[in-house]
Amino acid sequence: MLPLIQKIMKQRGWATEKEILNYYALSQMTPGIIAVNISTFVGYKLKGWSGAICTMIGIIAPSLIVITLLALGLSKIWTDPIVQNAFASVQLMVPALILPIIVKMVKDRATDRFCLVLMGLALFLALLNCSPVEILLLCGFVSFLRFYMRGKK
């Protein structure tokens with residue numbers, strides 16, 4: 001959904017490329033589904049609280065309806081190997097759909113060597129199964145130290 005949301009927001013002029021990346025970053029740090037968080041931020045930007053609530057409902061309702069209908073139907077055929085392989089294939093597509101957003105964020109945000117090193121550290125820690133909260137706190141602390149030390153010079 002993220003590439004689709006990004007495309008729609010750009011086409012309709014709801015958010016600039018920079019705002020979309022900021023919404024994406026904020027959505028990573030706030031609890032909940034990323035697509036719902038991004039939509040809620042955009043809805044709030046456009047129409048305040050009513051826009052936030054409407055976009056949240058608008059993005060959740062179709063998925064909720066489809067998932068409910070699928071759950072009713074799939075419960076009867078879940079043990080079928082074809083169905084299980086189809087779901088395994090869908091899981092493999094998720095990283096491929098997110099990769100373009102990650103590449104764009106790296107291009108737009110990695111402005112110097114420090115950013116690249118910090119991003120590498122975060123990726124390394126994520127691969128070690130560190131908690132996202134721990135990674136955010138550590139990277140935030142390292143960034144704070146860097147900018148604090150720069151100000152002292």
# chains A, B, ... in the order shown; residues from 1 in each chain; ligands from 1

$ residues_around --residues "stretch 137-148 of chain A" --least-positions-apart "5" --cutoff "9 Å" --atoms "only C-alpha atoms" --output "list in words"
Phe114, Leu118, Met119, Leu121, Ala122 and Pro132 of chain A

$ write_last_selection --atoms "N, CA and C atoms" --output "PDB file, in the first residue's frame"
ATOM      1  N   PHE A 114      28.197  10.401   8.009  1.00  0.00           N
ATOM      2  CA  PHE A 114      27.619  10.086   9.320  1.00  0.00           C
ATOM      3  C   PHE A 114      26.247   9.422   9.165  1.00  0.00           C
ATOM      4  N   LEU A 118      25.300   5.704  10.385  1.00  0.00           N
ATOM      5  CA  LEU A 118      24.196   5.509  11.333  1.00  0.00           C
ATOM      6  C   LEU A 118      23.140   4.576  10.744  1.00  0.00           C
ATOM      7  N   MET A 119      22.853   4.746   9.456  1.00  0.00           N
ATOM      8  CA  MET A 119      21.894   3.871   8.791  1.00  0.00           C
ATOM      9  C   MET A 119      22.420   2.426   8.764  1.00  0.00           C
ATOM     10  N   LEU A 121      24.511   1.115  10.914  1.00  0.00           N
ATOM     11  CA  LEU A 121      24.419   0.624  12.289  1.00  0.00           C
ATOM     12  C   LEU A 121      22.999   0.155  12.603  1.00  0.00           C
ATOM     13  N   ALA A 122      22.019   0.952  12.210  1.00  0.00           N
ATOM     14  CA  ALA A 122      20.612   0.588  12.464  1.00  0.00           C
ATOM     15  C   ALA A 122      20.259  -0.711  11.733  1.00  0.00           C
ATOM     16  N   PRO A 132      13.240  -2.411  17.808  1.00  0.00           N
ATOM     17  CA  PRO A 132      13.199  -1.118  17.120  1.00  0.00           C
ATOM     18  C   PRO A 132      13.316   0.057  18.094  1.00  0.00           C
TER      19      PRO A 132
END

$ residues_around --residues "A:Ile101" --least-positions-apart "6" --cutoff "9 Å" --atoms "only C-alpha atoms" --output "ChimeraX atom specification"
/A:2-3,21

$ write_last_selection --atoms "N, CA and C atoms" --output "compact mmCIF listing (two decimals), in the first residue's frame"
# COMPACT_ATOMS: atom_id res chain seq x y z
N LEU A 2 2.07 1.17 0.54
CA LEU A 2 2.87 2.39 0.65
C LEU A 2 3.20 3.03 -0.71
N PRO A 3 3.63 2.26 -1.70
CA PRO A 3 3.87 2.89 -3.00
C PRO A 3 2.59 3.50 -3.59
N LEU A 21 8.11 11.54 2.89
CA LEU A 21 9.20 10.86 3.60
C LEU A 21 9.14 11.13 5.10

$ closest_residue --among "A:Ile65, A:Ile53, A:Ile135, A:Ala15" --to "A:Gly120" --atoms "only C-alpha atoms"
A:Ile135

$ atom_distance --atom1 "atom CA of A:Ser50" --atom2 "atom CA of A:Asn37"
14.7 Å

$ select_by_dssp --residues "stretch 13-42 of chain A" --states "helix (DSSP H, G or I)" --output "PyMOL selection string"
chain A and resi 17-29+34-42

$ write_last_selection --atoms "C-alpha atoms" --output "PDB file, in the first residue's frame"
ATOM      1  CA  GLU A  17       7.983  14.343  -1.597  1.00  0.00           C
ATOM      2  CA  LYS A  18       9.723  15.605   1.550  1.00  0.00           C
ATOM      3  CA  GLU A  19       6.470  15.531   3.541  1.00  0.00           C
ATOM      4  CA  ILE A  20       5.775  11.976   2.375  1.00  0.00           C
ATOM      5  CA  LEU A  21       9.199  10.860   3.600  1.00  0.00           C
ATOM      6  CA  ASN A  22       8.632  12.672   6.914  1.00  0.00           C
ATOM      7  CA  TYR A  23       5.212  11.016   7.291  1.00  0.00           C
ATOM      8  CA  TYR A  24       6.797   7.663   6.537  1.00  0.00           C
ATOM      9  CA  ALA A  25       9.516   8.217   9.158  1.00  0.00           C
ATOM     10  CA  LEU A  26       6.951   9.348  11.759  1.00  0.00           C
ATOM     11  CA  SER A  27       4.744   6.370  10.927  1.00  0.00           C
ATOM     12  CA  GLN A  28       7.645   4.024  11.595  1.00  0.00           C
ATOM     13  CA  MET A  29       8.050   5.496  15.084  1.00  0.00           C
ATOM     14  CA  ILE A  34       2.274   2.386   8.765  1.00  0.00           C
ATOM     15  CA  ALA A  35      -0.247   2.971   5.965  1.00  0.00           C
ATOM     16  CA  VAL A  36      -2.925   3.958   8.479  1.00  0.00           C
ATOM     17  CA  ASN A  37      -0.533   6.322  10.260  1.00  0.00           C
ATOM     18  CA  ILE A  38       0.558   8.013   7.018  1.00  0.00           C
ATOM     19  CA  SER A  39      -3.042   8.425   5.877  1.00  0.00           C
ATOM     20  CA  THR A  40      -4.032   9.830   9.245  1.00  0.00           C
ATOM     21  CA  PHE A  41      -1.201  12.389   9.139  1.00  0.00           C
ATOM     22  CA  VAL A  42      -2.236  13.502   5.639  1.00  0.00           C
TER      23      VAL A  42
END
